[in-house]
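J.: Sending over a structure as structure tokens; questions will come in a sec.
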Amino acid sequence: MDTLLNAVPETGRKARAHGHDGLFITFEGGEGVGKSTQIRLLADRLAERGHAVRVSREPGGTPGAEAVRHVLLDEAALESFGPALEALLFAAARSDHVEQVIRPALARGETVLVDRFMDSTRVYQGVSGDLDPGFVAALERVAIHGTVPDLTIILDLDPETGLARADARRAENTAQDRFEKETVAVHEARRKAFRAIAEAEPDRCRIVDAAGDPETVGEAIWAHVAPLVAANSGGANVS
Ligand SMILES: Nc1ncnc2c1ncn2[C@@H]1O[C@H](COP(=O)(O)OP(=O)(O)O)[C@@H](O)[C@H]1O
Ligand SMILES: Cc1cn([C@H]2C[C@H](O)[C@@H](COP(=O)(O)OP(=O)(O)O)O2)c(=O)[nH]c1=O
């Protein structure tokens, strides 16, 4: 098994398809911080500038991964799931998503925006689930197969506000999913865990304050994205 795991390339862009890669940008953070909203704003902004954009989400993004999502988020089936099983299921869904959607889109030169990726597993299963970091890291290497995001935007917001926004978003009869139901203390611990990832990986991650109005948050995100877009487009001026 160890040999198999070692056969998987270390994380890092060198494992990415060569040539005219697109940009891979992931959005992370707790419930209701505004990930879906900001992905839509950024996708529109990039499309207006003529960039081909592929938007996706996790868990999901392929028929198989969406089936796994249904299992993972279905309250009835999950009470007995332990964090290790969850992490394995998220990794299986991610592997399919990376191979079937993300890597091919990047190889076509598309900009890929994904709502949650590997950092959510590190936080929700690793930290909240108290899993062995080596186990989480091994699963991550197998699942992403070297396809590391060029940029991860971590939207930072106090849990009370995020949960209130998530409640406002939810139709009256849609119950919270089980990850949303946990205590504010658990959500706060996740917020700290996302911040710790950003501090440990400053080249990849940027923390963005999600408390302002959507447009203000969008401008802050664009300030991080625009230089990468310019560099990836051969230095063309991107305003
Ligand atoms: N900056 C913001 N200020 C106020 N409400 C927001 C903001 N961004 C998003 N919302 C609203 O909060 C809810 C959750 O936003 P969403 O983008 O779905 O968050 P996430 O994808 O992180 O769960 C939605 O109803 C959305 O319209
Ligand atoms: C991708 C991923 C998501 N999750 C959790 C976080 C979310 O609560 C849930 C995804 O459901 P979703 O409805 O997409 O929530 P959100 O809008 O907050 O992204 O799955 C993990 O626990 N691990 C993971 O690796």
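Residues are referred to by chain and number: the chain letter is A, B, ... according to the order shown in the structure tokens, the number counts from 1 in that chain, and ligands are numbered separately from 1 in the order shown.
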Report as a VMD selection string which protein, DNA and RNA residues come within 9 Å of ligand 2, using only C-alpha atoms and all ligand atoms.

T.: chain A and resid 28 to 36 57 to 60 69 72 to 73 83 86 to 87 89 to 91 93 to 94 115 to 125 128 166 176 to 180

J.: Could you pull out the residues in stretch 39-68 of chain A that DSSP calls helix (DSSP H, G or I) from the backbone, as a ChimeraX atom specification?

T.: /A:39-48,63-68

J.: Emit the selected residues as a short mmCIF file (atom, residue, chain, number, x, y, z; two decimals), in the first residue's frame, including all heavy atoms.

T.:
data_model
loop_
_atom_site.label_atom_id
_atom_site.label_comp_id
_atom_site.auth_asym_id
_atom_site.auth_seq_id
_atom_site.Cartn_x
_atom_site.Cartn_y
_atom_site.Cartn_z
N ILE A 39 -18.45 32.76 -6.22
CA ILE A 39 -18.06 32.00 -7.41
C ILE A 39 -18.86 32.50 -8.61
O ILE A 39 -18.32 32.71 -9.70
CB ILE A 39 -18.28 30.49 -7.19
CG1 ILE A 39 -17.18 29.92 -6.29
CG2 ILE A 39 -18.33 29.74 -8.51
CD1 ILE A 39 -17.33 28.46 -5.95
N ARG A 40 -20.15 32.77 -8.39
CA ARG A 40 -20.99 33.28 -9.49
C ARG A 40 -20.47 34.65 -9.96
O ARG A 40 -20.33 34.91 -11.16
CB ARG A 40 -22.44 33.40 -9.05
CG ARG A 40 -23.21 32.08 -9.05
CD ARG A 40 -24.73 32.30 -8.96
NE ARG A 40 -25.11 32.99 -7.73
CZ ARG A 40 -25.35 32.34 -6.57
NH1 ARG A 40 -25.18 31.03 -6.50
NH2 ARG A 40 -25.71 33.01 -5.48
N LEU A 41 -20.13 35.51 -9.00
CA LEU A 41 -19.64 36.86 -9.37
C LEU A 41 -18.33 36.75 -10.14
O LEU A 41 -18.13 37.43 -11.16
CB LEU A 41 -19.46 37.71 -8.11
CG LEU A 41 -20.74 38.15 -7.38
CD1 LEU A 41 -20.39 38.88 -6.07
CD2 LEU A 41 -21.58 39.04 -8.28
N LEU A 42 -17.44 35.90 -9.67
CA LEU A 42 -16.13 35.78 -10.34
C LEU A 42 -16.28 35.13 -11.71
O LEU A 42 -15.65 35.56 -12.68
CB LEU A 42 -15.17 34.97 -9.47
CG LEU A 42 -13.76 34.77 -10.05
CD1 LEU A 42 -13.08 36.11 -10.34
CD2 LEU A 42 -12.90 33.92 -9.11
N ALA A 43 -17.15 34.13 -11.81
CA ALA A 43 -17.35 33.47 -13.10
C ALA A 43 -17.87 34.48 -14.12
O ALA A 43 -17.39 34.53 -15.27
CB ALA A 43 -18.33 32.31 -12.94
N ASP A 44 -18.82 35.33 -13.70
CA ASP A 44 -19.36 36.36 -14.61
C ASP A 44 -18.26 37.33 -15.02
O ASP A 44 -18.13 37.68 -16.20
CB ASP A 44 -20.50 37.13 -13.94
CG ASP A 44 -21.74 36.27 -13.72
OD1 ASP A 44 -21.80 35.16 -14.30
OD2 ASP A 44 -22.63 36.68 -12.94
N ARG A 45 -17.44 37.72 -14.07
CA ARG A 45 -16.38 38.71 -14.35
C ARG A 45 -15.35 38.13 -15.33
O ARG A 45 -14.92 38.79 -16.26
CB ARG A 45 -15.69 39.05 -13.03
CG ARG A 45 -14.81 40.28 -13.09
CD ARG A 45 -14.50 40.77 -11.67
NE ARG A 45 -13.99 42.11 -11.67
CZ ARG A 45 -13.98 42.91 -10.61
NH1 ARG A 45 -14.50 42.46 -9.46
NH2 ARG A 45 -13.48 44.12 -10.66
N LEU A 46 -15.02 36.87 -15.15
CA LEU A 46 -14.05 36.24 -16.05
C LEU A 46 -14.65 36.04 -17.44
O LEU A 46 -14.00 36.29 -18.46
CB LEU A 46 -13.60 34.90 -15.46
CG LEU A 46 -12.69 34.99 -14.24
CD1 LEU A 46 -12.59 33.63 -13.55
CD2 LEU A 46 -11.30 35.49 -14.64
N ALA A 47 -15.92 35.63 -17.48
CA ALA A 47 -16.57 35.41 -18.78
C ALA A 47 -16.67 36.72 -19.56
O ALA A 47 -16.43 36.76 -20.77
CB ALA A 47 -17.95 34.81 -18.57
N GLU A 48 -16.96 37.81 -18.83
CA GLU A 48 -17.04 39.14 -19.49
C GLU A 48 -15.71 39.50 -20.14
O GLU A 48 -15.65 40.26 -21.09
CB GLU A 48 -17.39 40.23 -18.46
CG GLU A 48 -18.86 40.27 -18.05
CD GLU A 48 -19.05 41.03 -16.72
OE1 GLU A 48 -18.08 41.72 -16.29
OE2 GLU A 48 -20.13 40.90 -16.13
N PRO A 63 -21.52 12.53 -12.15
CA PRO A 63 -22.65 11.68 -11.70
C PRO A 63 -22.27 10.80 -10.50
O PRO A 63 -23.01 10.72 -9.52
CB PRO A 63 -22.96 10.84 -12.95
CG PRO A 63 -22.51 11.69 -14.10
CD PRO A 63 -21.30 12.43 -13.61
N GLY A 64 -21.11 10.22 -10.54
CA GLY A 64 -20.69 9.37 -9.41
C GLY A 64 -20.49 10.18 -8.15
O GLY A 64 -20.94 9.81 -7.06
N ALA A 65 -19.85 11.33 -8.27
CA ALA A 65 -19.60 12.16 -7.08
C ALA A 65 -20.90 12.73 -6.52
O ALA A 65 -21.05 12.90 -5.32
CB ALA A 65 -18.64 13.29 -7.44
N GLU A 66 -21.85 13.03 -7.39
CA GLU A 66 -23.16 13.52 -6.91
C GLU A 66 -23.91 12.40 -6.18
O GLU A 66 -24.60 12.66 -5.19
CB GLU A 66 -23.99 14.06 -8.08
CG GLU A 66 -23.49 15.35 -8.69
CD GLU A 66 -23.64 16.59 -7.79
OE1 GLU A 66 -24.52 16.59 -6.88
OE2 GLU A 66 -22.86 17.54 -7.98
N ALA A 67 -23.73 11.18 -6.63
CA ALA A 67 -24.37 10.05 -5.91
C ALA A 67 -23.76 9.93 -4.51
O ALA A 67 -24.46 9.73 -3.51
CB ALA A 67 -24.19 8.76 -6.70
N VAL A 68 -22.44 10.10 -4.44
CA VAL A 68 -21.77 10.05 -3.13
C VAL A 68 -22.24 11.22 -2.27
O VAL A 68 -22.47 11.07 -1.06
CB VAL A 68 -20.23 10.08 -3.31
CG1 VAL A 68 -19.53 10.21 -1.95
CG2 VAL A 68 -19.74 8.84 -4.05
#

J.: Give me the residues within 12 Å of A:Gly50 as a VMD selection string, counting only C-alpha atoms and dropping any in the same chain fewer than 6 places off.

T.: chain A and resid 43 to 44 110 to 111 229 233 238

J.: Grab the atom CA of A:His187 to atom CA of A:Thr161 distance for me, in Å with one decimal place.

T.: 11.1 Å

J.: Closest to A:Gly146 among A:Arg204, A:Arg103, A:Arg169, A:His70, using only C-alpha atoms?

T.: A:Arg103

J.: As an exercise, work out the distance from atom 21 (O, counted along the ligand's line) of ligand 1 to atom CA of A:Pro149 in Å and give it to one decimal place.

T.: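 We find that atom 21 (O, counted along the ligand's line) of ligand 1 and atom CA of A:Pro149 lie 18.4 Å from each other.
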
J.: Residues near A:Thr26, anyone? I mean within 6 Å using only C-alpha atoms, not counting same-chain ones fewer than 3 positions away, as a list in words.

T.: Leu113, Val114 and Thr152 of chain A

J.: Could you check how far atom CA of A:Val208 sits from atom CA of A:Val127, in Å to one decimal?

T.: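 So the two atoms, atom CA of A:Val208 and atom CA of A:Val127, lie 21.1 Å apart.
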
J.: Out of A:Ile154, A:Val142, A:Ala84, A:Ala189, which residue has the shortest atom-to-atom distance to ligand 1 when counting only C-alpha atoms and all ligand atoms?

T.: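 Looking only at the distances to ligand 1, the closest residue turns out to be A:Ile154.
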
J.: If we count only C-alpha atoms and set the cut-off at 12 Å, which residues sit around A:Arg206, ignoring sequence neighbours fewer than 6 positions away in its own chain? Please answer as a PyMOL selection string.

T.: chain A and resi 25-29+149-156+194-200+220-225

J.: From the options A:Pro104, A:Pro227, A:Gly134, A:Gly212, which residue's atoms come nearest to ligand 1, counting only C-alpha atoms and all ligand atoms?

T.: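 Looking only at the distances to ligand 1, the closest residue turns out to be A:Gly212.
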
J.: Using DSSP assignments from the backbone, pull out every residue in stretch 20-228 of chain A that falls under strand (DSSP E or B) and give it to me as a tab-separated table (two decimals) with all heavy atoms, in the first residue's frame.

T.:
chain	number	residue	atom	x	y	z
A	24	PHE	N	-6.75	27.08	-11.64
A	24	PHE	CA	-7.60	26.29	-10.75
A	24	PHE	C	-7.77	27.07	-9.45
A	24	PHE	O	-6.78	27.27	-8.72
A	24	PHE	CB	-6.95	24.93	-10.52
A	24	PHE	CG	-7.74	24.00	-9.63
A	24	PHE	CD1	-9.11	24.14	-9.45
A	24	PHE	CD2	-7.09	22.96	-8.97
A	24	PHE	CE1	-9.83	23.27	-8.64
A	24	PHE	CE2	-7.79	22.07	-8.17
A	24	PHE	CZ	-9.16	22.24	-8.00
A	25	ILE	N	-8.99	27.52	-9.19
A	25	ILE	CA	-9.26	28.34	-7.99
A	25	ILE	C	-10.34	27.68	-7.16
A	25	ILE	O	-11.42	27.33	-7.68
A	25	ILE	CB	-9.72	29.77	-8.39
A	25	ILE	CG1	-8.66	30.44	-9.27
A	25	ILE	CG2	-9.97	30.62	-7.13
A	25	ILE	CD1	-9.07	31.80	-9.81
A	26	THR	N	-10.07	27.47	-5.89
A	26	THR	CA	-11.08	26.87	-5.00
A	26	THR	C	-11.53	27.89	-3.96
A	26	THR	O	-10.80	28.82	-3.62
A	26	THR	CB	-10.52	25.63	-4.27
A	26	THR	OG1	-9.36	26.00	-3.50
A	26	THR	CG2	-10.14	24.55	-5.27
A	27	PHE	N	-12.78	27.69	-3.49
A	27	PHE	CA	-13.37	28.56	-2.49
A	27	PHE	C	-13.68	27.73	-1.26
A	27	PHE	O	-14.32	26.67	-1.35
A	27	PHE	CB	-14.66	29.21	-3.03
A	27	PHE	CG	-14.40	30.30	-4.03
A	27	PHE	CD1	-13.90	30.00	-5.29
A	27	PHE	CD2	-14.63	31.63	-3.72
A	27	PHE	CE1	-13.63	30.99	-6.21
A	27	PHE	CE2	-14.38	32.64	-4.65
A	27	PHE	CZ	-13.87	32.31	-5.89
A	28	GLU	N	-13.26	28.21	-0.11
A	28	GLU	CA	-13.43	27.45	1.12
A	28	GLU	C	-13.98	28.36	2.22
A	28	GLU	O	-13.97	29.60	2.11
A	28	GLU	CB	-12.08	26.87	1.58
A	28	GLU	CG	-11.47	25.86	0.61
A	28	GLU	CD	-12.07	24.46	0.74
A	28	GLU	OE1	-13.05	24.28	1.48
A	28	GLU	OE2	-11.56	23.55	0.06
A	53	VAL	N	-14.76	29.53	-18.53
A	53	VAL	CA	-14.84	29.22	-17.10
A	53	VAL	C	-15.65	27.96	-16.87
A	53	VAL	O	-16.67	27.75	-17.51
A	53	VAL	CB	-15.53	30.38	-16.33
A	53	VAL	CG1	-15.54	30.10	-14.83
A	53	VAL	CG2	-14.81	31.70	-16.61
A	54	ARG	N	-15.16	27.12	-15.98
A	54	ARG	CA	-15.88	25.92	-15.58
A	54	ARG	C	-16.14	26.02	-14.09
A	54	ARG	O	-15.20	26.16	-13.31
A	54	ARG	CB	-15.04	24.68	-15.88
A	54	ARG	CG	-15.67	23.38	-15.39
A	54	ARG	CD	-16.73	22.88	-16.35
A	54	ARG	NE	-17.45	21.73	-15.82
A	54	ARG	CZ	-17.72	20.63	-16.56
A	54	ARG	NH1	-17.28	20.56	-17.79
A	54	ARG	NH2	-18.42	19.65	-16.05
A	55	VAL	N	-17.40	26.01	-13.67
A	55	VAL	CA	-17.77	26.09	-12.25
A	55	VAL	C	-18.23	24.72	-11.78
A	55	VAL	O	-18.95	24.02	-12.48
A	55	VAL	CB	-18.90	27.13	-12.05
A	55	VAL	CG1	-19.41	27.11	-10.61
A	55	VAL	CG2	-18.41	28.53	-12.43
A	56	SER	N	-17.77	24.34	-10.61
A	56	SER	CA	-18.19	23.05	-10.06
A	56	SER	C	-18.22	23.15	-8.53
A	56	SER	O	-17.93	24.19	-7.96
A	56	SER	CB	-17.25	21.94	-10.52
A	56	SER	OG	-17.83	20.66	-10.24
A	57	ARG	N	-18.60	22.02	-7.91
A	57	ARG	CA	-18.74	22.05	-6.45
A	57	ARG	C	-18.37	20.68	-5.91
A	57	ARG	O	-18.44	19.67	-6.63
A	57	ARG	CB	-20.18	22.36	-6.05
A	57	ARG	CG	-21.13	21.20	-6.42
A	57	ARG	CD	-22.40	21.19	-5.64
A	57	ARG	NE	-23.28	20.08	-6.01
A	57	ARG	CZ	-24.57	20.07	-5.72
A	57	ARG	NH1	-25.12	21.11	-5.10
A	57	ARG	NH2	-25.34	19.03	-6.02
A	111	THR	N	-10.54	28.22	-16.93
A	111	THR	CA	-10.41	28.59	-15.53
A	111	THR	C	-11.46	27.79	-14.76
A	111	THR	O	-12.64	27.85	-15.08
A	111	THR	CB	-10.65	30.10	-15.33
A	111	THR	OG1	-9.68	30.82	-16.09
A	111	THR	CG2	-10.52	30.48	-13.86
A	112	VAL	N	-11.00	27.05	-13.78
A	112	VAL	CA	-11.89	26.15	-13.04
A	112	VAL	C	-12.11	26.72	-11.65
A	112	VAL	O	-11.14	26.97	-10.91
A	112	VAL	CB	-11.29	24.73	-12.95
A	112	VAL	CG1	-12.22	23.80	-12.14
A	112	VAL	CG2	-11.07	24.15	-14.35
A	113	LEU	N	-13.38	26.96	-11.31
A	113	LEU	CA	-13.75	27.49	-9.99
A	113	LEU	C	-14.54	26.41	-9.26
A	113	LEU	O	-15.57	25.95	-9.77
A	113	LEU	CB	-14.63	28.74	-10.13
A	113	LEU	CG	-14.15	29.85	-11.06
A	113	LEU	CD1	-15.16	31.01	-11.06
A	113	LEU	CD2	-12.77	30.34	-10.65
A	114	VAL	N	-14.06	25.97	-8.10
A	114	VAL	CA	-14.74	24.89	-7.38
A	114	VAL	C	-15.11	25.35	-5.97
A	114	VAL	O	-14.28	25.92	-5.26
A	114	VAL	CB	-13.85	23.63	-7.31
A	114	VAL	CG1	-14.55	22.51	-6.51
A	114	VAL	CG2	-13.53	23.12	-8.72
A	115	ASP	N	-16.36	25.08	-5.63
A	115	ASP	CA	-16.94	25.40	-4.32
A	115	ASP	C	-16.62	24.24	-3.38
A	115	ASP	O	-17.25	23.19	-3.45
A	115	ASP	CB	-18.46	25.56	-4.49
A	115	ASP	CG	-19.16	26.04	-3.22
A	115	ASP	OD1	-18.54	25.95	-2.12
A	115	ASP	OD2	-20.30	26.51	-3.33
A	151	LEU	N	-4.93	28.84	-6.53
A	151	LEU	CA	-5.34	29.83	-5.52
A	151	LEU	C	-6.54	29.26	-4.77
A	151	LEU	O	-7.44	28.69	-5.38
A	151	LEU	CB	-5.76	31.13	-6.21
A	151	LEU	CG	-6.37	32.24	-5.34
A	151	LEU	CD1	-5.33	32.77	-4.36
A	151	LEU	CD2	-6.90	33.38	-6.23
A	152	THR	N	-6.50	29.40	-3.45
A	152	THR	CA	-7.65	29.02	-2.61
A	152	THR	C	-8.09	30.26	-1.86
A	152	THR	O	-7.30	30.85	-1.11
A	152	THR	CB	-7.27	27.90	-1.64
A	152	THR	OG1	-6.99	26.69	-2.38
A	152	THR	CG2	-8.43	27.62	-0.67
A	153	ILE	N	-9.32	30.68	-2.10
A	153	ILE	CA	-9.90	31.82	-1.39
A	153	ILE	C	-10.63	31.28	-0.16
A	153	ILE	O	-11.57	30.48	-0.29
A	153	ILE	CB	-10.89	32.59	-2.28
A	153	ILE	CG1	-10.17	33.17	-3.51
A	153	ILE	CG2	-11.61	33.68	-1.49
A	153	ILE	CD1	-9.21	34.30	-3.22
A	154	ILE	N	-10.18	31.67	1.00
A	154	ILE	CA	-10.83	31.24	2.24
A	154	ILE	C	-11.67	32.41	2.75
A	154	ILE	O	-11.12	33.45	3.18
A	154	ILE	CB	-9.80	30.78	3.28
A	154	ILE	CG1	-9.09	29.52	2.75
A	154	ILE	CG2	-10.45	30.53	4.65
A	154	ILE	CD1	-8.01	28.96	3.66
A	155	LEU	N	-12.98	32.28	2.64
A	155	LEU	CA	-13.89	33.34	3.09
A	155	LEU	C	-14.07	33.22	4.60
A	155	LEU	O	-14.46	32.17	5.11
A	155	LEU	CB	-15.23	33.24	2.35
A	155	LEU	CG	-15.14	33.56	0.85
A	155	LEU	CD1	-16.47	33.27	0.16
A	155	LEU	CD2	-14.76	35.02	0.64
A	156	ASP	N	-13.76	34.31	5.30
A	156	ASP	CA	-13.75	34.29	6.75
A	156	ASP	C	-14.91	35.12	7.31
A	156	ASP	O	-15.08	36.28	6.94
A	156	ASP	CB	-12.42	34.88	7.26
A	156	ASP	CG	-12.30	34.79	8.78
A	156	ASP	OD1	-12.39	33.66	9.30
A	156	ASP	OD2	-12.20	35.86	9.42
A	205	CYS	N	-3.04	30.12	-0.45
A	205	CYS	CA	-4.29	30.54	0.18
A	205	CYS	C	-4.33	32.05	0.45
A	205	CYS	O	-3.31	32.65	0.81
A	205	CYS	CB	-4.47	29.82	1.52
A	205	CYS	SG	-4.52	28.03	1.35
A	206	ARG	N	-5.53	32.61	0.32
A	206	ARG	CA	-5.76	34.00	0.70
A	206	ARG	C	-7.03	34.05	1.55
A	206	ARG	O	-8.07	33.57	1.11
A	206	ARG	CB	-5.97	34.88	-0.54
A	206	ARG	CG	-4.77	34.95	-1.46
A	206	ARG	CD	-3.61	35.72	-0.88
A	206	ARG	NE	-2.52	35.88	-1.84
A	206	ARG	CZ	-1.58	34.96	-2.06
A	206	ARG	NH1	-1.63	33.79	-1.40
A	206	ARG	NH2	-0.61	35.17	-2.94
A	207	ILE	N	-6.91	34.68	2.73
A	207	ILE	CA	-8.09	34.87	3.57
A	207	ILE	C	-8.78	36.15	3.14
A	207	ILE	O	-8.13	37.20	3.00
A	207	ILE	CB	-7.71	34.95	5.06
A	207	ILE	CG1	-7.14	33.60	5.54
A	207	ILE	CG2	-8.91	35.34	5.92
A	207	ILE	CD1	-6.71	33.61	7.00
A	208	VAL	N	-10.09	36.07	2.90
A	208	VAL	CA	-10.86	37.26	2.51
A	208	VAL	C	-11.99	37.45	3.52
A	208	VAL	O	-12.75	36.51	3.79
A	208	VAL	CB	-11.42	37.11	1.09
A	208	VAL	CG1	-12.36	38.26	0.74
A	208	VAL	CG2	-10.28	37.04	0.06
A	209	ASP	N	-12.10	38.65	4.06
A	209	ASP	CA	-13.16	38.97	5.00
A	209	ASP	C	-14.50	38.96	4.26
A	209	ASP	O	-14.70	39.71	3.30
A	209	ASP	CB	-12.91	40.36	5.61
A	209	ASP	CG	-13.98	40.75	6.63
A	209	ASP	OD1	-14.94	39.96	6.83
A	209	ASP	OD2	-13.86	41.85	7.20

J.: With only C-alpha atoms and all ligand atoms as the atoms that count, which of A:Ile102, A:Gln38, A:Ser80, A:Ala193 lies nearest to ligand 1?

T.: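 Distance minimum relative to ligand 1 lands on A:Gln38.
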